[in-house]
>>> print(open('input-v6.cif').read())   # mmCIF, C-alpha atoms (C1' of nucleotides)
data_coords
#
loop_
_atom_site.group_PDB
_atom_site.id
_atom_site.type_symbol
_atom_site.label_atom_id
_atom_site.label_comp_id
_atom_site.auth_asym_id
_atom_site.auth_seq_id
_atom_site.Cartn_x
_atom_site.Cartn_y
_atom_site.Cartn_z
ATOM 1 C CA MET Y 13 -210.830 -162.849 -160.829
ATOM 2 C CA LYS Y 14 -208.375 -160.513 -159.209
ATOM 3 C CA ASP Y 15 -207.018 -161.778 -155.951
ATOM 4 C CA LEU Y 16 -205.387 -158.854 -154.200
ATOM 5 C CA ASN Y 17 -202.987 -161.218 -152.521
ATOM 6 C CA SER Y 18 -199.882 -160.036 -154.198
ATOM 7 C CA GLU Y 19 -197.626 -157.494 -152.582
ATOM 8 C CA TYR Y 20 -198.359 -154.025 -153.772
ATOM 9 C CA GLN Y 21 -195.665 -151.461 -154.173
ATOM 10 C CA CYS Y 22 -198.034 -148.638 -153.622
ATOM 11 C CA ALA Y 23 -201.671 -147.897 -152.972
ATOM 12 C CA ILE Y 24 -202.080 -146.748 -156.561
ATOM 13 C CA ASP Y 25 -201.138 -150.231 -157.655
ATOM 14 C CA LEU Y 26 -203.864 -151.658 -155.497
ATOM 15 C CA VAL Y 27 -206.455 -149.176 -156.695
ATOM 16 C CA ILE Y 28 -205.764 -150.170 -160.289
ATOM 17 C CA ASP Y 29 -206.397 -153.778 -159.388
ATOM 18 C CA VAL Y 30 -209.614 -153.033 -157.560
ATOM 19 C CA ILE Y 31 -211.263 -150.567 -159.934
ATOM 20 C CA GLY Y 32 -209.310 -151.152 -163.130
ATOM 21 C CA GLY Y 33 -210.846 -152.367 -166.348
ATOM 22 C CA LYS Y 34 -213.412 -151.010 -168.686
ATOM 23 C CA TRP Y 35 -216.492 -150.998 -166.483
ATOM 24 C CA LYS Y 36 -215.886 -150.844 -162.739
ATOM 25 C CA VAL Y 37 -215.606 -147.109 -162.194
ATOM 26 C CA LEU Y 38 -218.536 -146.548 -164.505
ATOM 27 C CA ILE Y 39 -220.626 -148.917 -162.430
ATOM 28 C CA LEU Y 40 -219.575 -147.288 -159.192
ATOM 29 C CA TRP Y 41 -220.196 -143.850 -160.586
ATOM 30 C CA ASN Y 42 -223.695 -144.952 -161.471
ATOM 31 C CA LEU Y 43 -224.348 -146.546 -158.135
ATOM 32 C CA ASN Y 44 -223.413 -143.362 -156.377
ATOM 33 C CA GLU Y 45 -226.803 -142.118 -157.446
ATOM 34 C CA GLY Y 46 -228.345 -144.642 -155.132
ATOM 35 C CA VAL Y 47 -229.708 -148.153 -155.064
ATOM 36 C CA LYS Y 48 -230.252 -149.657 -158.492
ATOM 37 C CA ARG Y 49 -231.620 -152.886 -159.871
ATOM 38 C CA PHE Y 50 -229.696 -154.979 -162.349
ATOM 39 C CA ASN Y 51 -231.530 -153.909 -165.476
ATOM 40 C CA GLU Y 52 -231.644 -150.316 -164.363
ATOM 41 C CA LEU Y 53 -227.884 -150.372 -164.165
ATOM 42 C CA LYS Y 54 -227.712 -152.110 -167.502
ATOM 43 C CA ARG Y 55 -229.751 -149.380 -169.124
ATOM 44 C CA SER Y 56 -227.516 -146.714 -167.611
ATOM 45 C CA LEU Y 57 -224.409 -148.267 -169.075
ATOM 46 C CA PRO Y 58 -224.803 -148.175 -172.817
ATOM 47 C CA ASN Y 59 -223.149 -151.139 -174.520
ATOM 48 C CA ILE Y 60 -222.409 -153.184 -171.455
ATOM 49 C CA THR Y 61 -223.389 -156.812 -171.882
ATOM 50 C CA GLN Y 62 -225.268 -158.849 -169.338
ATOM 51 C CA LYS Y 63 -222.250 -161.040 -168.789
ATOM 52 C CA MET Y 64 -219.865 -158.179 -168.143
ATOM 53 C CA LEU Y 65 -222.248 -156.423 -165.810
ATOM 54 C CA THR Y 66 -222.771 -159.547 -163.723
ATOM 55 C CA GLN Y 67 -219.099 -160.341 -163.689
ATOM 56 C CA GLN Y 68 -217.988 -156.862 -162.701
ATOM 57 C CA LEU Y 69 -220.658 -156.577 -160.031
ATOM 58 C CA ARG Y 70 -219.515 -159.882 -158.547
ATOM 59 C CA GLU Y 71 -215.948 -158.672 -158.350
ATOM 60 C CA LEU Y 72 -216.937 -155.358 -156.854
ATOM 61 C CA GLU Y 73 -218.993 -157.253 -154.302
ATOM 62 C CA GLU Y 74 -216.154 -159.613 -153.499
ATOM 63 C CA HIS Y 75 -213.835 -156.657 -152.967
ATOM 64 C CA GLY Y 76 -216.338 -155.004 -150.695
ATOM 65 C CA LEU Y 77 -217.276 -151.973 -152.774
ATOM 66 C CA VAL Y 78 -220.789 -152.990 -153.716
ATOM 67 C CA SER Y 79 -223.471 -154.849 -151.861
ATOM 68 C CA ARG Y 80 -226.106 -157.076 -153.399
ATOM 69 C CA LYS Y 81 -229.537 -157.653 -152.012
ATOM 70 C CA VAL Y 82 -231.686 -160.414 -153.423
ATOM 71 C CA TYR Y 83 -235.443 -160.450 -152.897
ATOM 72 C CA GLN Y 84 -237.062 -163.856 -153.043
ATOM 73 C CA GLU Y 85 -239.552 -162.964 -155.731
ATOM 74 C CA VAL Y 86 -240.423 -164.058 -159.227
ATOM 75 C CA PRO Y 87 -239.409 -162.503 -161.503
ATOM 76 C CA PRO Y 88 -236.228 -161.953 -159.517
ATOM 77 C CA ARG Y 89 -235.395 -158.637 -157.946
ATOM 78 C CA VAL Y 90 -231.835 -157.783 -157.063
ATOM 79 C CA GLU Y 91 -230.710 -154.424 -155.788
ATOM 80 C CA TYR Y 92 -227.197 -153.114 -155.895
ATOM 81 C CA SER Y 93 -225.732 -150.323 -153.849
ATOM 82 C CA THR Y 94 -222.321 -149.063 -152.819
ATOM 83 C CA THR Y 95 -220.864 -150.017 -149.465
ATOM 84 C CA ASP Y 96 -219.275 -147.427 -147.182
ATOM 85 C CA MET Y 97 -215.902 -148.182 -148.700
ATOM 86 C CA GLY Y 98 -217.445 -147.791 -152.128
ATOM 87 C CA LYS Y 99 -218.947 -144.455 -151.189
ATOM 88 C CA LYS Y 100 -215.576 -143.218 -150.105
ATOM 89 C CA LEU Y 101 -214.431 -143.597 -153.681
ATOM 90 C CA GLN Y 102 -216.725 -140.745 -154.640
ATOM 91 C CA ALA Y 103 -214.048 -138.158 -154.014
ATOM 92 C CA THR Y 104 -211.710 -139.989 -156.355
ATOM 93 C CA LEU Y 105 -214.313 -140.422 -159.049
ATOM 94 C CA PHE Y 106 -215.311 -136.816 -158.723
ATOM 95 C CA GLU Y 107 -211.729 -135.668 -159.258
ATOM 96 C CA MET Y 108 -211.483 -138.009 -162.229
ATOM 97 C CA CYS Y 109 -214.577 -136.559 -163.767
ATOM 98 C CA LYS Y 110 -213.514 -132.966 -163.238
ATOM 99 C CA TRP Y 111 -210.175 -133.651 -164.843
ATOM 100 C CA GLY Y 112 -211.820 -135.535 -167.687
ATOM 101 C CA ASP Y 113 -214.108 -132.624 -168.431
ATOM 102 C CA GLU Y 114 -211.233 -130.207 -168.509
ATOM 103 C CA TYR Y 115 -209.207 -132.524 -170.679
ATOM 104 C CA ALA Y 116 -212.074 -133.050 -173.091
ATOM 105 C CA GLU Y 117 -212.568 -129.336 -173.402
ATOM 106 C CA GLN Y 118 -208.907 -128.699 -174.075
ATOM 107 C CA LYS Y 119 -208.786 -131.448 -176.667
ATOM 108 C CA GLY Y 120 -212.105 -130.521 -178.220
ATOM 109 C CA ILE Y 121 -213.479 -133.976 -177.577
ATOM 110 C CA ALA Y 122 -217.229 -134.246 -177.909
ATOM 111 C CA MET Y 123 -219.117 -135.698 -175.010
ATOM 112 C CA ASN Y 124 -222.592 -136.079 -173.671
ATOM 113 C CA ARG Y 125 -222.542 -134.365 -170.309
ATOM 114 C CA CYS Y 126 -222.191 -136.848 -167.461
ATOM 115 C CA TRP Y 127 -225.353 -138.774 -166.961
ATOM 116 C CA THR Y 128 -224.850 -139.204 -163.269
ATOM 117 C CA SER Y 129 -223.660 -137.995 -159.927
ATOM 118 C CA TYR Y 130 -221.600 -135.183 -161.345
ATOM 119 C CA ASN Y 131 -224.245 -132.513 -161.184
ATOM 120 C CA PHE Y 132 -225.522 -133.347 -157.773
ATOM 121 C CA MET Y 133 -221.985 -133.528 -156.446
ATOM 122 C CA GLU Y 134 -221.199 -130.147 -157.899
ATOM 123 C CA LYS Y 135 -224.182 -128.909 -155.969
ATOM 124 C CA MET F 3 -203.009 -147.255 -179.649
ATOM 125 C CA LYS F 4 -206.062 -145.608 -178.187
ATOM 126 C CA ASP F 5 -207.596 -143.029 -180.439
ATOM 127 C CA LEU F 6 -209.963 -140.974 -178.315
ATOM 128 C CA ASN F 7 -212.119 -140.379 -181.346
ATOM 129 C CA SER F 8 -215.122 -142.283 -180.222
ATOM 130 C CA GLU F 9 -218.020 -140.580 -178.552
ATOM 131 C CA TYR F 10 -217.772 -140.716 -174.835
ATOM 132 C CA GLN F 11 -220.809 -140.985 -172.658
ATOM 133 C CA CYS F 12 -219.087 -139.358 -169.766
ATOM 134 C CA ALA F 13 -215.764 -137.882 -168.727
ATOM 135 C CA ILE F 14 -215.080 -140.948 -166.609
ATOM 136 C CA ASP F 15 -215.195 -143.005 -169.773
ATOM 137 C CA LEU F 16 -212.588 -140.776 -171.330
ATOM 138 C CA VAL F 17 -210.350 -140.844 -168.279
ATOM 139 C CA ILE F 18 -210.320 -144.638 -168.358
ATOM 140 C CA ASP F 19 -209.168 -144.539 -171.953
ATOM 141 C CA VAL F 20 -206.451 -142.012 -171.276
ATOM 142 C CA ILE F 21 -204.959 -143.381 -168.072
ATOM 143 C CA GLY F 22 -206.305 -146.930 -168.057
ATOM 144 C CA GLY F 23 -204.125 -150.009 -168.145
ATOM 145 C CA LYS F 24 -201.547 -151.452 -165.847
ATOM 146 C CA TRP F 25 -198.873 -148.779 -165.985
ATOM 147 C CA LYS F 26 -200.042 -145.274 -166.909
ATOM 148 C CA VAL F 27 -201.069 -143.917 -163.538
ATOM 149 C CA LEU F 28 -198.001 -145.449 -161.974
ATOM 150 C CA ILE F 29 -195.829 -143.648 -164.492
ATOM 151 C CA LEU F 30 -197.629 -140.363 -163.953
ATOM 152 C CA TRP F 31 -197.439 -140.744 -160.217
ATOM 153 C CA ASN F 32 -193.710 -141.216 -160.536
ATOM 154 C CA LEU F 33 -193.260 -138.295 -162.850
ATOM 155 C CA ASN F 34 -195.009 -136.037 -160.410
ATOM 156 C CA GLU F 35 -191.769 -136.130 -158.462
ATOM 157 C CA GLY F 36 -190.149 -134.218 -161.277
ATOM 158 C CA VAL F 37 -188.181 -134.737 -164.452
ATOM 159 C CA LYS F 38 -186.880 -138.258 -164.892
ATOM 160 C CA ARG F 39 -184.748 -140.100 -167.397
ATOM 161 C CA PHE F 40 -185.882 -143.308 -169.009
ATOM 162 C CA ASN F 41 -183.854 -145.703 -166.903
ATOM 163 C CA GLU F 42 -184.549 -143.769 -163.764
ATOM 164 C CA LEU F 43 -188.229 -144.287 -164.402
ATOM 165 C CA LYS F 44 -187.594 -147.913 -165.178
ATOM 166 C CA ARG F 45 -185.891 -148.446 -161.856
ATOM 167 C CA SER F 46 -188.777 -146.768 -160.037
ATOM 168 C CA LEU F 47 -191.306 -149.117 -161.553
ATOM 169 C CA PRO F 48 -190.444 -152.599 -160.390
ATOM 170 C CA ASN F 49 -191.225 -155.227 -163.024
ATOM 171 C CA ILE F 50 -192.011 -152.937 -165.894
ATOM 172 C CA THR F 51 -190.337 -154.033 -169.099
ATOM 173 C CA GLN F 52 -188.511 -151.724 -171.452
ATOM 174 C CA LYS F 53 -191.098 -152.331 -174.095
ATOM 175 C CA MET F 54 -194.034 -151.455 -171.879
ATOM 176 C CA LEU F 55 -192.380 -148.351 -170.507
ATOM 177 C CA THR F 56 -191.613 -147.031 -173.977
ATOM 178 C CA GLN F 57 -195.037 -147.876 -175.262
ATOM 179 C CA GLN F 58 -196.886 -146.305 -172.367
ATOM 180 C CA LEU F 59 -194.741 -143.195 -172.434
ATOM 181 C CA ARG F 60 -195.445 -142.797 -176.134
ATOM 182 C CA GLU F 61 -199.165 -142.972 -175.554
ATOM 183 C CA LEU F 62 -199.035 -140.555 -172.648
ATOM 184 C CA GLU F 63 -197.028 -138.204 -174.846
ATOM 185 C CA GLU F 64 -199.480 -138.527 -177.704
ATOM 186 C CA HIS F 65 -202.341 -137.732 -175.360
ATOM 187 C CA GLY F 66 -200.538 -134.698 -174.054
ATOM 188 C CA LEU F 67 -199.893 -135.785 -170.475
ATOM 189 C CA VAL F 68 -196.157 -136.273 -170.686
ATOM 190 C CA SER F 69 -193.468 -134.456 -172.578
ATOM 191 C CA ARG F 70 -190.302 -135.977 -173.927
ATOM 192 C CA LYS F 71 -187.054 -134.155 -174.359
ATOM 193 C CA VAL F 72 -184.244 -135.767 -176.320
ATOM 194 C CA TYR F 73 -180.663 -134.546 -175.972
ATOM 195 C CA GLN F 74 -178.454 -135.202 -178.969
ATOM 196 C CA GLU F 75 -175.793 -137.097 -177.082
ATOM 197 C CA VAL F 76 -174.267 -140.538 -177.096
ATOM 198 C CA PRO F 77 -175.216 -142.531 -175.146
ATOM 199 C CA PRO F 78 -178.684 -141.054 -175.560
ATOM 200 C CA ARG F 79 -180.305 -138.935 -172.912
ATOM 201 C CA VAL F 80 -184.050 -138.579 -172.808
ATOM 202 C CA GLU F 81 -185.948 -136.779 -170.114
ATOM 203 C CA TYR F 82 -189.600 -137.194 -169.331
ATOM 204 C CA SER F 83 -191.833 -134.849 -167.417
ATOM 205 C CA THR F 84 -195.518 -134.193 -166.978
ATOM 206 C CA THR F 85 -197.235 -131.498 -168.990
ATOM 207 C CA ASP F 86 -199.570 -128.986 -167.361
ATOM 208 C CA MET F 87 -202.489 -131.235 -168.147
ATOM 209 C CA GLY F 88 -200.582 -134.134 -166.637
ATOM 210 C CA LYS F 89 -199.850 -132.160 -163.507
ATOM 211 C CA LYS F 90 -203.528 -131.447 -163.081
ATOM 212 C CA LEU F 91 -204.057 -135.162 -162.648
ATOM 213 C CA GLN F 92 -202.210 -134.984 -159.346
ATOM 214 C CA ALA F 93 -205.367 -134.256 -157.414
ATOM 215 C CA THR F 94 -206.983 -137.340 -158.865
ATOM 216 C CA LEU F 95 -203.994 -139.564 -158.197
ATOM 217 C CA PHE F 96 -203.721 -138.210 -154.703
ATOM 218 C CA GLU F 97 -207.339 -139.082 -153.985
ATOM 219 C CA MET F 98 -206.740 -142.534 -155.437
ATOM 220 C CA CYS F 99 -203.780 -143.091 -153.216
ATOM 221 C CA LYS F 100 -205.544 -141.907 -150.094
ATOM 222 C CA TRP F 101 -208.441 -144.203 -150.784
ATOM 223 C CA GLY F 102 -206.090 -147.070 -151.582
ATOM 224 C CA ASP F 103 -204.300 -146.666 -148.284
ATOM 225 C CA GLU F 104 -207.529 -146.683 -146.381
ATOM 226 C CA TYR F 105 -208.782 -149.685 -148.295
ATOM 227 C CA ALA F 106 -205.553 -151.584 -147.754
ATOM 228 C CA GLU F 107 -205.698 -150.901 -144.057
ATOM 229 C CA GLN F 108 -209.275 -152.061 -143.792
ATOM 230 C CA LYS F 109 -208.529 -155.220 -145.727
ATOM 231 C CA GLY F 110 -205.236 -155.849 -143.984
ATOM 232 C CA ILE F 111 -203.361 -155.816 -147.240
ATOM 233 C CA ALA F 112 -199.620 -155.507 -146.880
ATOM 234 C CA MET F 113 -197.945 -152.731 -148.781
ATOM 235 C CA ASN F 114 -194.678 -150.891 -148.981
ATOM 236 C CA ARG F 115 -195.510 -147.283 -148.254
ATOM 237 C CA CYS F 116 -195.852 -145.222 -151.426
ATOM 238 C CA TRP F 117 -192.482 -144.654 -152.952
ATOM 239 C CA THR F 118 -193.411 -141.324 -154.426
ATOM 240 C CA SER F 119 -195.231 -138.057 -154.329
ATOM 241 C CA TYR F 120 -197.557 -139.120 -151.573
ATOM 242 C CA ASN F 121 -195.510 -137.840 -148.688
ATOM 243 C CA PHE F 122 -194.623 -134.540 -150.191
ATOM 244 C CA MET F 123 -198.232 -133.983 -151.221
ATOM 245 C CA GLU F 124 -199.414 -134.738 -147.741
ATOM 246 C CA LYS F 125 -197.044 -132.016 -146.676
ATOM 247 C "C1'" DT B 8 -250.614 -173.845 -173.570
ATOM 248 C "C1'" DA B 9 -247.537 -170.313 -174.884
ATOM 249 C "C1'" DT B 10 -245.145 -166.299 -173.733
ATOM 250 C "C1'" DC B 11 -243.033 -162.783 -170.846
ATOM 251 C "C1'" DC B 12 -240.347 -161.111 -167.056
ATOM 252 C "C1'" DT B 13 -235.716 -160.501 -164.434
ATOM 253 C "C1'" DA B 14 -231.428 -161.784 -163.411
ATOM 254 C "C1'" DG B 15 -228.680 -164.467 -164.377
ATOM 255 C "C1'" DT B 16 -225.125 -168.722 -166.443
ATOM 256 C "C1'" DT B 17 -222.479 -171.127 -169.976
ATOM 257 C "C1'" DA B 18 -219.759 -172.157 -174.052
ATOM 258 C "C1'" DC B 19 -217.211 -170.375 -177.437
ATOM 259 C "C1'" DC B 20 -214.286 -167.137 -179.710
ATOM 260 C "C1'" DG B 21 -211.713 -163.028 -181.162
ATOM 261 C "C1'" DT B 22 -209.037 -158.975 -179.682
ATOM 262 C "C1'" DT B 23 -206.110 -156.646 -176.718
ATOM 263 C "C1'" DT B 24 -202.695 -156.418 -173.361
ATOM 264 C "C1'" DG B 25 -198.599 -157.557 -171.524
ATOM 265 C "C1'" DG B 26 -194.188 -160.012 -171.254
ATOM 266 C "C1'" DG B 27 -189.529 -162.228 -172.896
ATOM 267 C "C1'" DA B 28 -185.681 -162.123 -175.531
ATOM 268 C "C1'" DA B 29 -182.915 -160.625 -179.134
ATOM 269 C "C1'" DC B 30 -181.287 -156.916 -181.880
ATOM 270 C "C1'" DC B 31 -179.991 -151.816 -183.004
ATOM 271 C "C1'" DT B 32 -177.236 -147.327 -182.743
ATOM 272 C "C1'" DT B 33 -173.108 -144.638 -182.061
ATOM 273 C "C1'" DA B 34 -169.202 -142.481 -179.394
ATOM 274 C "C1'" DG B 35 -165.813 -143.230 -176.152
ATOM 275 C "C1'" DG B 36 -162.799 -146.128 -173.338
ATOM 276 C "C1'" DA B 37 -159.784 -150.537 -172.317
ATOM 277 C "C1'" DT J 4 -160.973 -154.539 -181.827
ATOM 278 C "C1'" DC J 5 -164.322 -155.190 -178.589
ATOM 279 C "C1'" DC J 6 -167.260 -153.625 -174.933
ATOM 280 C "C1'" DT J 7 -170.333 -150.515 -172.647
ATOM 281 C "C1'" DA J 8 -173.936 -147.198 -172.057
ATOM 282 C "C1'" DA J 9 -178.916 -145.451 -172.825
ATOM 283 C "C1'" DG J 10 -182.864 -145.711 -174.994
ATOM 284 C "C1'" DG J 11 -184.926 -147.819 -177.726
ATOM 285 C "C1'" DT J 12 -187.409 -151.500 -181.671
ATOM 286 C "C1'" DT J 13 -189.014 -156.026 -183.332
ATOM 287 C "C1'" DC J 14 -190.900 -160.558 -183.288
ATOM 288 C "C1'" DC J 15 -193.325 -163.943 -181.043
ATOM 289 C "C1'" DC J 16 -196.180 -165.886 -177.595
ATOM 290 C "C1'" DA J 17 -199.541 -166.461 -173.577
ATOM 291 C "C1'" DA J 18 -203.008 -164.808 -170.721
ATOM 292 C "C1'" DA J 19 -206.551 -161.680 -169.752
ATOM 293 C "C1'" DC J 20 -210.358 -159.235 -171.268
ATOM 294 C "C1'" DG J 21 -214.448 -158.609 -173.455
ATOM 295 C "C1'" DG J 22 -218.337 -159.870 -176.622
ATOM 296 C "C1'" DT J 23 -222.180 -162.997 -178.789
ATOM 297 C "C1'" DA J 24 -225.604 -166.046 -178.520
ATOM 298 C "C1'" DA J 25 -228.083 -169.512 -176.470
ATOM 299 C "C1'" DC J 26 -230.022 -171.358 -172.377
ATOM 300 C "C1'" DT J 27 -232.043 -171.323 -167.415
ATOM 301 C "C1'" DA J 28 -235.610 -170.630 -163.446
ATOM 302 C "C1'" DG J 29 -240.364 -170.167 -162.073
ATOM 303 C "C1'" DG J 30 -244.425 -167.499 -161.388
ATOM 304 C "C1'" DA J 31 -247.633 -164.256 -163.807
ATOM 305 C "C1'" DT J 32 -250.337 -163.131 -167.692
ATOM 306 C "C1'" DA J 33 -253.026 -163.905 -172.281
#
>>> encode(input="input-v6.cif", output="structure tokens")
Amino acid sequence: MKDLNSEYQCAIDLVIDVIGGKWKVLILWNLNEGVKRFNELKRSLPNITQKMLTQQLRELEEHGLVSRKVYQEVPPRVEYSTTDMGKKLQATLFEMCKWGDEYAEQKGIAMNRCWTSYNFMEK
Amino acid sequence: MKDLNSEYQCAIDLVIDVIGGKWKVLILWNLNEGVKRFNELKRSLPNITQKMLTQQLRELEEHGLVSRKVYQEVPPRVEYSTTDMGKKLQATLFEMCKWGDEYAEQKGIAMNRCWTSYNFMEK
DNA sequence: TATCCTAGTTACCGTTTGGGAACCTTAGGA
DNA sequence: TCCTAAGGTTCCCAAACGGTAACTAGGATA
């Protein structure tokens, strides 16, 4: 698990540590739609494994970007949502997505249109 | 080397492939200052190894974000700069950096102020 | 009694990523 | 004759990352 204790040269450095990897920004992007349960999130992220989803959610929680609410029920119910700090990443993710779309178009890369926040953010 | 041939679910997915990893955004962020030679870049990126810098630059070049100009001289001179597509990433990197600064402040994480484009972009 | 449900955990294992160190090239200078 | 400079390449190794499959809890349902 990333520790964030090291000295960063630059904020960009830090951002890479916090949201780097294959899944984190995808998870956050999904959560920007609103509160989601574990399996709901899992369905939204094609190919993610249970293990990876749990692991990444734990790290996001530990770094204060996602919050986790457990209901004492059986079968279990756990809801995930973004924290304020997590929500503030929206602007970044939005810019990423815009650039990605433009890049894909220029390169002729096929893509299913974004399945999430993009449209509503475009507004 | 990343191939970008797979089917992406979303632009975010694609962006992660293109600028993911430990060094790429750092390199791009540095190049936003302007044209730089290999060793100049190397000095700007504390701890990067020659191998990683070359490798990452090659991938950025292949993906059309960076262009490489070789002068036929001895000792060699090679200049790197961002392409138009690379320059368009500035907005994204800027958002990243802003968020990173805010996050660092909230978490009390020590950091040397950004050594690059940040200030001039803030303008 | 057996099975299903959700949200996990655990052990194991292969791939990828990143790093260190040595080597290469070729002209000019000491 | 040897060294230096700049921009690499190559080989080898370790750690991180990510995936598979099996197992868990405990109440509800058939």
>>> resolve_selection(input="input-v6.cif", expression="the PyMOL selection byres ((chain Y) within 12 of (chain B))", output="PyMOL selection string")
chain Y and resi 33+49-54+61-67+70+82-91
>>> closest_residue(input="input-v6.cif", among="F:Ser69, F:Glu104, F:Asp5, F:Val17", to="chain Y", atoms="only C-alpha atoms")
F:Val17
>>> closest_residue(input="input-v6.cif", among="Y:Ile31, Y:Ile60, Y:Val47, Y:Cys22", to="chain J", atoms="only C-alpha atoms (C1' of nucleotides)")
Y:Ile60
>>> interface_residues(input="input-v6.cif", of="chain Y", to="chain F", cutoff="7 Å", atoms="all atoms listed in the file", output="count of residues only")
24
>>> atom_distance(input="input-v6.cif", atom1="CA of Asp96 (chain Y)", atom2="CA of Leu72 (chain Y)")
12.7 Å
>>> resolve_selection(input="input-v6.cif", expression="the PyMOL selection byres ((chain J) within 12 of (chain F))", output="list of chain:residue names")
J:DT7, J:DA8, J:DA9, J:DG10, J:DG11, J:DT12, J:DT13, J:DC20
>>> atom_distance(input="input-v6.cif", atom1="CA of Lys14 (chain Y)", atom2="CA of Glu71 (chain Y)")
7.8 Å
>>> atom_distance(input="input-v6.cif", atom1="CA of Thr95 (chain Y)", atom2="CA of Arg80 (chain Y)")
9.6 Å
